[in-house]
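**Student:** Hey, dropping protein34.txt in here, compact mmCIF, C-alpha atoms (C1' of nucleotides):
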```txt
# COMPACT_ATOMS: atom_id res chain seq x y z
CA MET A 134 74.46 -55.39 72.67
CA SER A 135 74.84 -57.31 69.45
CA ASN A 136 77.10 -55.82 66.86
CA ALA A 137 75.66 -57.98 64.13
CA LYS A 138 75.36 -56.15 60.83
CA VAL A 139 71.75 -55.20 61.22
CA LEU A 140 72.05 -52.94 58.22
CA PRO A 141 74.91 -54.08 56.02
CA LEU A 142 75.91 -50.74 54.59
CA LEU A 143 79.17 -52.16 53.43
CA GLU A 144 79.81 -55.52 51.93
CA ALA A 145 82.74 -57.63 52.99
CA ASP A 146 85.09 -58.55 50.15
CA GLY A 147 87.77 -60.83 51.46
CA GLN A 148 89.66 -58.54 53.75
CA GLY A 149 88.19 -55.15 54.49
CA VAL A 150 85.00 -53.71 53.08
CA ALA A 151 83.89 -51.99 49.90
CA PRO A 152 81.75 -48.85 49.75
CA CYS A 153 78.10 -49.46 49.05
CA CYS A 154 77.83 -46.94 46.25
CA PRO A 155 79.82 -44.84 43.81
CA PRO A 156 80.35 -41.14 44.43
CA LEU A 157 77.18 -39.10 44.20
CA THR A 158 78.69 -37.22 41.30
CA GLU A 159 79.62 -40.21 39.20
CA ARG A 160 76.19 -41.30 38.00
CA PRO A 161 72.59 -41.12 39.21
CA MET A 162 72.10 -43.47 42.15
CA THR A 163 69.73 -46.35 41.78
CA ALA A 164 66.79 -46.67 44.16
CA GLU A 165 68.54 -49.44 46.05
CA GLU A 166 71.79 -47.54 46.41
CA ALA A 167 69.91 -44.47 47.58
CA GLU A 168 68.02 -46.51 50.15
CA THR A 169 71.25 -47.83 51.57
CA ALA A 170 73.17 -44.58 51.59
CA ALA A 171 70.26 -42.55 52.93
CA ARG A 172 70.26 -44.66 56.08
CA MET A 173 73.80 -43.55 56.81
CA PHE A 174 73.11 -39.88 56.22
CA LYS A 175 69.89 -40.08 58.17
CA ALA A 176 71.74 -41.50 61.15
CA LEU A 177 73.94 -38.42 61.18
CA GLY A 178 71.02 -36.10 60.46
CA ASP A 179 70.21 -35.49 64.11
CA PRO A 180 72.21 -33.00 66.20
CA VAL A 181 72.32 -35.20 69.27
CA ARG A 182 73.49 -38.22 67.31
CA LEU A 183 76.08 -36.12 65.53
CA ARG A 184 77.48 -34.94 68.84
CA LEU A 185 77.52 -38.45 70.26
CA PHE A 186 79.22 -39.77 67.14
CA SER A 187 81.76 -36.97 67.14
CA ALA A 188 82.45 -37.51 70.82
CA VAL A 189 83.21 -41.18 70.23
CA ALA A 190 85.19 -40.55 67.05
CA SER A 191 87.37 -37.91 68.67
CA HIS A 192 87.89 -39.71 71.96
CA GLU A 193 91.34 -41.01 72.74
CA GLY A 194 91.84 -44.57 71.63
CA GLY A 195 88.96 -44.26 69.18
CA GLU A 196 86.50 -45.47 71.76
CA ALA A 197 84.50 -44.01 74.59
CA CYS A 198 82.45 -45.18 77.51
CA VAL A 199 78.85 -44.01 77.47
CA CYS A 200 79.59 -42.18 80.69
CA ASP A 201 82.24 -40.14 78.85
CA ILE A 202 79.92 -38.80 76.18
CA SER A 203 76.43 -38.67 77.63
CA ASP A 204 76.51 -35.00 78.50
CA VAL A 205 74.63 -33.74 75.45
CA GLY A 206 71.58 -32.21 77.09
CA VAL A 207 69.11 -35.06 76.82
CA SER A 208 68.04 -37.78 79.25
CA GLN A 209 69.93 -41.02 79.69
CA PRO A 210 67.31 -43.14 77.87
CA THR A 211 67.49 -40.75 74.94
CA VAL A 212 71.25 -41.08 74.78
CA SER A 213 70.88 -44.85 74.81
CA HIS A 214 68.26 -44.62 72.08
CA HIS A 215 70.51 -42.58 69.80
CA LEU A 216 73.52 -44.79 70.39
CA LYS A 217 71.38 -47.73 69.36
CA LYS A 218 70.41 -45.92 66.17
CA LEU A 219 74.03 -45.25 65.36
CA ARG A 220 74.82 -48.89 66.03
CA GLU A 221 71.98 -50.09 63.80
CA ALA A 222 73.20 -47.79 61.04
CA GLY A 223 76.56 -49.51 61.21
CA LEU A 224 78.41 -46.37 62.30
CA LEU A 225 79.29 -47.53 65.79
CA THR A 226 79.99 -50.81 67.53
CA SER A 227 79.60 -51.42 71.23
CA GLU A 228 81.17 -53.72 73.76
CA ARG A 229 80.48 -54.22 77.42
CA ARG A 230 83.54 -54.39 79.64
CA GLY A 231 82.57 -54.91 83.23
CA THR A 232 80.36 -52.14 84.45
CA TRP A 233 80.73 -49.91 81.42
CA VAL A 234 79.83 -50.12 77.76
CA TYR A 235 82.32 -48.79 75.23
CA TYR A 236 81.44 -47.52 71.78
CA ARG A 237 83.85 -47.14 68.88
CA VAL A 238 83.53 -45.90 65.33
CA GLU A 239 83.49 -48.18 62.33
CA PRO A 240 86.25 -46.51 60.31
CA SER A 241 85.48 -48.19 57.01
CA VAL A 242 81.93 -46.86 57.04
CA LEU A 243 83.16 -43.35 57.67
CA ALA A 244 85.54 -43.69 54.75
CA ALA A 245 82.76 -44.99 52.51
CA MET A 246 80.58 -41.99 53.31
CA GLY A 247 83.49 -39.70 52.56
CA LYS A 248 83.92 -41.30 49.16
CA LEU A 249 80.26 -40.75 48.43
CA LEU A 250 80.84 -37.02 48.69
CA THR A 251 83.93 -37.06 46.51
CA MET A 252 84.09 -34.42 43.82
CA PRO A 253 85.34 -35.18 40.32
CA ALA A 254 89.10 -34.76 40.10
CA ALA A 255 89.06 -31.76 37.75
CA ALA A 256 86.20 -29.60 38.95
CA MET B 48 63.16 -19.39 43.37
CA SER B 49 65.43 -17.39 45.55
CA ASN B 50 68.90 -18.77 46.07
CA ALA B 51 69.49 -16.64 49.10
CA LYS B 52 71.43 -18.46 51.80
CA VAL B 53 68.43 -19.55 53.77
CA LEU B 54 70.65 -21.73 55.86
CA PRO B 55 74.20 -20.47 55.75
CA LEU B 56 76.01 -23.77 56.19
CA LEU B 57 79.20 -22.20 55.01
CA GLU B 58 80.53 -18.81 55.82
CA ALA B 59 82.03 -16.63 53.17
CA ASP B 60 85.60 -15.61 53.88
CA GLY B 61 86.79 -13.27 51.20
CA GLN B 62 86.85 -15.51 48.17
CA GLY B 63 85.38 -18.95 48.51
CA VAL B 64 83.89 -20.52 51.60
CA ALA B 65 85.10 -22.22 54.74
CA PRO B 66 83.62 -25.40 56.17
CA CYS B 67 81.24 -24.91 59.06
CA CYS B 68 82.91 -27.41 61.33
CA PRO B 69 86.08 -29.39 61.92
CA PRO B 70 86.20 -33.08 61.04
CA LEU B 71 83.99 -35.24 63.23
CA THR B 72 87.08 -37.02 64.48
CA GLU B 73 89.02 -33.95 65.55
CA ARG B 74 87.10 -32.99 68.66
CA PRO B 75 83.56 -33.30 70.02
CA MET B 76 81.23 -31.03 68.12
CA THR B 77 79.52 -28.23 69.94
CA ALA B 78 75.74 -28.05 70.00
CA GLU B 79 75.79 -25.25 67.44
CA GLU B 80 78.11 -27.05 65.07
CA ALA B 81 76.05 -30.18 65.33
CA GLU B 82 72.87 -28.25 64.60
CA THR B 83 74.39 -26.84 61.45
CA ALA B 84 75.98 -30.01 60.17
CA ALA B 85 72.97 -32.17 60.98
CA ARG B 86 70.88 -30.09 58.59
CA MET B 87 73.15 -31.07 55.74
CA PHE B 88 73.14 -34.76 56.59
CA LYS B 89 69.42 -34.71 57.17
CA ALA B 90 68.86 -33.28 53.72
CA LEU B 91 70.64 -36.27 52.23
CA GLY B 92 68.92 -38.67 54.62
CA ASP B 93 66.01 -39.38 52.32
CA PRO B 94 66.34 -41.82 49.41
CA VAL B 95 64.35 -39.67 46.99
CA ARG B 96 66.39 -36.57 47.81
CA LEU B 97 69.59 -38.53 47.50
CA ARG B 98 68.60 -39.72 44.03
CA LEU B 99 67.60 -36.22 42.96
CA PHE B 100 70.84 -34.79 44.29
CA SER B 101 72.91 -37.49 42.64
CA ALA B 102 71.06 -36.97 39.37
CA VAL B 103 71.89 -33.27 39.39
CA ALA B 104 75.46 -33.80 40.56
CA SER B 105 76.21 -36.37 37.89
CA HIS B 106 74.43 -34.60 35.05
CA GLU B 107 76.53 -33.17 32.26
CA GLY B 108 77.50 -29.59 32.86
CA GLY B 109 76.87 -29.98 36.56
CA GLU B 110 73.29 -28.89 36.19
CA ALA B 111 69.98 -30.46 35.26
CA CYS B 112 66.48 -29.39 34.35
CA VAL B 113 63.79 -30.71 36.66
CA CYS B 114 62.38 -32.54 33.67
CA ASP B 115 65.66 -34.44 33.36
CA ILE B 116 65.64 -35.86 36.89
CA SER B 117 62.01 -36.13 37.99
CA ASP B 118 61.67 -39.82 37.21
CA VAL B 119 62.23 -41.10 40.73
CA GLY B 120 58.90 -42.77 41.38
CA VAL B 121 57.07 -40.00 43.22
CA SER B 122 54.61 -37.36 42.08
CA GLN B 123 55.68 -34.04 40.60
CA PRO B 124 54.72 -32.03 43.70
CA THR B 125 56.80 -34.38 45.80
CA VAL B 126 59.79 -33.89 43.53
CA SER B 127 59.35 -30.14 43.81
CA HIS B 128 59.08 -30.43 47.58
CA HIS B 129 62.33 -32.36 47.86
CA LEU B 130 64.20 -30.04 45.52
CA LYS B 131 63.10 -27.19 47.75
CA LYS B 132 64.46 -28.99 50.79
CA LEU B 133 67.81 -29.51 49.08
CA ARG B 134 67.84 -25.84 48.11
CA GLU B 135 67.03 -24.73 51.65
CA ALA B 136 69.81 -26.95 52.96
CA GLY B 137 72.22 -25.11 50.70
CA LEU B 138 73.06 -28.18 48.66
CA LEU B 139 71.48 -27.03 45.42
CA THR B 140 70.78 -23.76 43.68
CA SER B 141 68.11 -23.18 41.08
CA GLU B 142 67.65 -20.85 38.18
CA ARG B 143 64.75 -20.42 35.81
CA ARG B 144 65.68 -20.15 32.15
CA GLY B 145 62.62 -19.73 30.01
CA THR B 146 60.23 -22.59 30.44
CA TRP B 147 62.54 -24.77 32.49
CA VAL B 148 64.17 -24.56 35.91
CA TYR B 149 67.73 -25.76 36.25
CA TYR B 150 69.32 -27.04 39.44
CA ARG B 151 73.01 -27.27 40.13
CA VAL B 152 75.11 -28.50 43.02
CA GLU B 153 76.91 -26.19 45.40
CA PRO B 154 80.38 -27.72 45.15
CA SER B 155 81.84 -26.04 48.21
CA VAL B 156 79.15 -27.49 50.42
CA LEU B 157 79.81 -30.95 49.12
CA ALA B 158 83.50 -30.49 49.84
CA ALA B 159 82.74 -29.26 53.35
CA MET B 160 80.66 -32.34 54.09
CA GLY B 161 83.46 -34.51 52.76
CA LYS B 162 85.92 -32.86 55.13
CA LEU B 163 83.59 -33.54 58.04
CA LEU B 164 84.01 -37.24 57.40
CA THR B 165 87.76 -37.07 57.09
CA MET B 166 89.72 -39.65 59.05
CA PRO B 167 92.87 -38.77 60.94
CA ALA B 168 95.93 -39.10 58.71
CA ALA B 169 97.53 -42.00 60.57
CA ALA B 170 94.67 -44.27 61.55
C1' DT C 126 43.91 -12.35 24.72
C1' DG C 127 43.72 -17.54 25.54
C1' DT C 128 45.89 -21.98 25.97
C1' DC C 129 49.39 -25.24 26.80
C1' DT C 130 53.41 -26.99 29.39
C1' DA C 131 56.62 -26.80 33.33
C1' DT C 132 57.13 -26.04 38.01
C1' DG C 133 55.79 -24.41 42.65
C1' DT C 134 52.37 -24.09 46.60
C1' DT C 135 48.57 -25.47 49.67
C1' DG C 136 46.21 -28.47 52.67
C1' DA C 137 45.45 -32.85 54.49
C1' DC C 138 46.67 -37.59 55.84
C1' DG C 139 49.40 -41.21 57.92
C1' DC C 140 53.61 -42.48 59.52
C1' DT C 141 58.02 -41.92 61.74
C1' DC C 142 60.83 -39.88 65.10
C1' DA C 143 62.82 -37.55 69.34
C1' DT C 144 61.91 -37.29 73.89
C1' DC C 145 60.82 -38.54 78.60
C1' DA C 146 59.32 -41.23 82.95
C1' DA C 147 59.15 -45.65 84.56
C1' DT C 148 61.02 -49.92 84.58
C1' DA C 149 64.24 -53.71 83.62
C1' DC C 150 68.72 -55.67 83.25
C1' DA C 151 73.79 -56.31 84.09
C1' DG C 152 77.76 -56.22 86.85
C1' DG C 153 80.23 -54.80 90.89
C1' DT C 154 80.59 -54.63 96.02
C1' DG C 155 79.30 -55.53 100.56
C1' DC D 236 72.03 -62.59 99.48
C1' DA D 237 70.98 -57.29 99.19
C1' DC D 238 72.18 -52.93 97.33
C1' DC D 239 74.15 -49.61 94.24
C1' DT D 240 75.61 -47.83 89.71
C1' DG D 241 75.59 -47.91 84.65
C1' DT D 242 73.01 -48.90 80.62
C1' DA D 243 69.04 -50.70 77.91
C1' DT D 244 64.03 -51.24 77.10
C1' DT D 245 59.12 -50.08 77.29
C1' DG D 246 55.25 -47.20 76.58
C1' DA D 247 53.31 -42.81 75.75
C1' DT D 248 53.18 -38.19 73.71
C1' DG D 249 53.86 -34.47 70.62
C1' DA D 250 56.31 -32.75 66.68
C1' DG D 251 58.00 -33.37 62.19
C1' DC D 252 58.13 -35.48 57.66
C1' DG D 253 56.93 -37.73 53.04
C1' DT D 254 53.30 -38.09 50.11
C1' DC D 255 49.46 -36.87 47.19
C1' DA D 256 45.44 -34.31 44.89
C1' DA D 257 44.09 -29.90 43.91
C1' DC D 258 45.23 -25.56 42.73
C1' DA D 259 48.35 -21.63 41.54
C1' DT D 260 51.98 -19.45 38.95
C1' DA D 261 55.34 -18.57 35.14
C1' DG D 262 56.72 -18.54 30.54
C1' DA D 263 56.03 -19.70 25.48
C1' DC D 264 53.24 -19.35 21.62
C1' DA D 265 49.30 -18.49 18.65
```
Represent the supplied structure as structure tokens.
**Tutor:**
Amino acid sequence: MSNAKVLPLLEADGQGVAPCCPPLTERPMTAEEAETAARMFKALGDPVRLRLFSAVASHEGGEACVCDISDVGVSQPTVSHHLKKLREAGLLTSERRGTWVYYRVEPSVLAAMGKLLTMPAAA
Amino acid sequence: MSNAKVLPLLEADGQGVAPCCPPLTERPMTAEEAETAARMFKALGDPVRLRLFSAVASHEGGEACVCDISDVGVSQPTVSHHLKKLREAGLLTSERRGTWVYYRVEPSVLAAMGKLLTMPAAA
DNA sequence: TGTCTATGTTGACGCTCATCAATACAGGTG
DNA sequence: CACCTGTATTGATGAGCGTCAACATAGACA
């Protein structure tokens, strides 16, 4: 249940975090940048994971118990597997509270991915 | 070399296009929405494709010849394969002009993906 | 016509991934 | 303690993917 930064997609800089890479449109990504960013996109590149992530992100309070979101048409072990992937990608964190485990989104990572897809100001 | 909308990730609505899905944080995605959006993220979920896409997106004029961007450490057939994937995902379009083939980004799709990652106004 | 360059396609190989059943673990309740 | 519920892990299986060498195709030019 560790929330350790298994894959540090963002780097801490004092308070808060900085995006891993510049916008895709700014300059060609380096191999290292691409490796890092691709992990994030890959994590969202599965329909089941996307639904799980969206369910957590849109849940009231910004967090959801597994039992709240596990109705996505796959078995319970598969749900657990995908949640782990999302956690390892740095998109979700988890916390056990009594009987249930709660997942919540990592907002800074979401913002960083959004910046990656930013278009130049004057298109 | 067809640019036909193999995977219509956006739907035309008069002039311009509308995003396929609401922001991930607005409400849980349906299975269909997730299927559609996951294709886009999956296409960017490979480091080589991400570098190719970034190279095209950041190239002057918003387009690039394959010869301009194919130096990403894999063989020429592999580059061609990945460019095809990006084209099929609706992220790039291609056009042959004489000897060379030029790729350019589909800006509306990029914008749609950005909106997907939008955070609620008051976090 | 033939030849050269640029790009796409085919077929095969190895690896990764999504999925499930079975099992294990954690915490609550009796 | 035993038992139940919620969640994670293990191990296996089949499908999909990234990669390359070999070949095919398209256009330019002589």
**Student:** With 7 Å as the limit and counting only C-alpha atoms (C1' of nucleotides), what residues in chain A lie close to chain D? Please list them as a ChimeraX atom specification.
**Tutor:** /A:213,232-233
**Student:** Once you count all atoms listed in the file, what closest atom pair and distance in Å to one decimal does each residue of chain C within 8 Å of chain B have, with rows by chain and rising residue number, as JSON lines?
**Tutor:**
```
{"residue": "C:DA131", "atom": "C1'", "partner": "B:Thr146", "partner_atom": "CA", "distance": 6.3}
{"residue": "C:DT132", "atom": "C1'", "partner": "B:Ser127", "partner_atom": "CA", "distance": 7.4}
{"residue": "C:DG133", "atom": "C1'", "partner": "B:Ser127", "partner_atom": "CA", "distance": 6.8}
```
**Student:** Choose the residue, out of B:Asp93, B:Asp115, B:Glu80, B:Glu135, that has the smallest atom-to-atom separation from chain A; count all atoms listed in the file.
**Tutor:** B:Asp93
**Student:** Got a sec to pull out which chain B residues are within 10 Å of chain A, counting only C-alpha atoms, and send them as a PyMOL selection string?
**Tutor:** chain B and resi 70-107+109+116+119-120+152+154-167+170
**Student:** Do you have the CA of Arg220 (chain A)-CA of Arg237 (chain A) distance handy?
**Tutor:**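 CA of Arg220 (chain A) sits 9.6 Å away from CA of Arg237 (chain A).
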**Student:** Hey, can you check how far CA of Tyr149 (chain B) sits from CA of Gly137 (chain B)?
**Tutor:**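 Taking CA of Tyr149 (chain B) as the start and CA of Gly137 (chain B) as the end point, the length is 15.1 Å.
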**Student:** CA of Leu139 (chain B) and CA of Cys67 (chain B) are how many Å apart?
**Tutor:**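 Straight-line distance from CA of Leu139 (chain B) to CA of Cys67 (chain B) works out to 16.9 Å.
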**Student:** Would you pull region 153-188 of chain A out of the block just shown and save N, CA and C atoms as a short mmCIF file (atom, residue, chain, number, x, y, z; two decimals), in the first residue's frame?
**Tutor:**
```cif
data_model
loop_
_atom_site.label_atom_id
_atom_site.label_comp_id
_atom_site.auth_asym_id
_atom_site.auth_seq_id
_atom_site.Cartn_x
_atom_site.Cartn_y
_atom_site.Cartn_z
N CYS A 153 7.38 17.29 -15.64
CA CYS A 153 8.58 16.58 -16.05
C CYS A 153 9.14 17.12 -17.34
N CYS A 154 8.24 17.66 -18.22
CA CYS A 154 8.68 17.95 -19.57
C CYS A 154 7.95 19.18 -20.09
N PRO A 155 8.54 19.82 -21.07
CA PRO A 155 7.87 20.96 -21.71
C PRO A 155 6.71 20.48 -22.56
N PRO A 156 5.85 21.39 -23.00
CA PRO A 156 4.77 21.00 -23.90
C PRO A 156 5.30 20.26 -25.12
N LEU A 157 4.52 19.32 -25.59
CA LEU A 157 4.92 18.52 -26.75
C LEU A 157 5.22 19.39 -27.97
N THR A 158 4.62 20.57 -27.99
CA THR A 158 4.73 21.42 -29.17
C THR A 158 5.89 22.40 -29.07
N GLU A 159 6.57 22.41 -27.94
CA GLU A 159 7.60 23.42 -27.76
C GLU A 159 8.89 23.05 -28.47
N ARG A 160 9.32 21.83 -28.29
CA ARG A 160 10.54 21.33 -28.93
C ARG A 160 10.48 19.82 -28.93
N PRO A 161 11.26 19.16 -29.78
CA PRO A 161 11.26 17.69 -29.77
C PRO A 161 11.68 17.17 -28.41
N MET A 162 10.95 16.19 -27.90
CA MET A 162 11.29 15.62 -26.60
C MET A 162 12.57 14.81 -26.71
N THR A 163 13.33 14.81 -25.64
CA THR A 163 14.48 13.93 -25.58
C THR A 163 14.00 12.51 -25.27
N ALA A 164 14.91 11.55 -25.42
CA ALA A 164 14.55 10.16 -25.16
C ALA A 164 14.13 9.99 -23.70
N GLU A 165 14.82 10.66 -22.81
CA GLU A 165 14.52 10.52 -21.39
C GLU A 165 13.15 11.13 -21.07
N GLU A 166 12.90 12.31 -21.58
CA GLU A 166 11.61 12.94 -21.36
C GLU A 166 10.48 12.07 -21.88
N ALA A 167 10.70 11.53 -23.08
CA ALA A 167 9.66 10.70 -23.69
C ALA A 167 9.40 9.45 -22.85
N GLU A 168 10.46 8.89 -22.32
CA GLU A 168 10.32 7.69 -21.49
C GLU A 168 9.44 7.98 -20.28
N THR A 169 9.70 9.12 -19.68
CA THR A 169 8.95 9.51 -18.49
C THR A 169 7.49 9.80 -18.81
N ALA A 170 7.28 10.62 -19.82
CA ALA A 170 5.92 11.04 -20.15
C ALA A 170 5.10 9.87 -20.69
N ALA A 171 5.74 8.99 -21.43
CA ALA A 171 5.02 7.87 -22.02
C ALA A 171 4.42 6.98 -20.94
N ARG A 172 5.09 6.89 -19.80
CA ARG A 172 4.55 6.07 -18.72
C ARG A 172 3.20 6.60 -18.24
N MET A 173 3.10 7.92 -18.21
CA MET A 173 1.82 8.51 -17.78
C MET A 173 0.73 8.23 -18.80
N PHE A 174 1.02 8.49 -20.06
CA PHE A 174 0.01 8.25 -21.08
C PHE A 174 -0.36 6.78 -21.16
N LYS A 175 0.64 5.94 -21.03
CA LYS A 175 0.38 4.50 -21.10
C LYS A 175 -0.58 4.07 -19.99
N ALA A 176 -0.40 4.67 -18.81
CA ALA A 176 -1.26 4.30 -17.69
C ALA A 176 -2.72 4.63 -17.98
N LEU A 177 -2.94 5.67 -18.75
CA LEU A 177 -4.31 6.04 -19.11
C LEU A 177 -4.74 5.43 -20.44
N GLY A 178 -3.90 4.61 -21.02
CA GLY A 178 -4.16 4.05 -22.34
C GLY A 178 -4.96 2.76 -22.31
N ASP A 179 -5.56 2.46 -21.19
CA ASP A 179 -6.41 1.27 -21.09
C ASP A 179 -7.81 1.71 -20.64
N PRO A 180 -8.85 1.22 -21.32
CA PRO A 180 -10.21 1.67 -21.01
C PRO A 180 -10.60 1.43 -19.56
N VAL A 181 -10.25 0.29 -19.02
CA VAL A 181 -10.62 0.00 -17.64
C VAL A 181 -9.92 0.97 -16.69
N ARG A 182 -8.63 1.19 -16.91
CA ARG A 182 -7.92 2.12 -16.04
C ARG A 182 -8.47 3.53 -16.17
N LEU A 183 -8.83 3.90 -17.39
CA LEU A 183 -9.39 5.24 -17.59
C LEU A 183 -10.69 5.40 -16.83
N ARG A 184 -11.52 4.37 -16.83
CA ARG A 184 -12.77 4.45 -16.09
C ARG A 184 -12.52 4.50 -14.60
N LEU A 185 -11.59 3.69 -14.13
CA LEU A 185 -11.28 3.71 -12.69
C LEU A 185 -10.76 5.08 -12.29
N PHE A 186 -9.85 5.60 -13.11
CA PHE A 186 -9.27 6.91 -12.79
C PHE A 186 -10.34 7.98 -12.79
N SER A 187 -11.18 7.96 -13.80
CA SER A 187 -12.25 8.95 -13.89
C SER A 187 -13.21 8.83 -12.73
N ALA A 188 -13.47 7.60 -12.31
CA ALA A 188 -14.39 7.39 -11.19
C ALA A 188 -13.82 7.98 -9.91
#
```
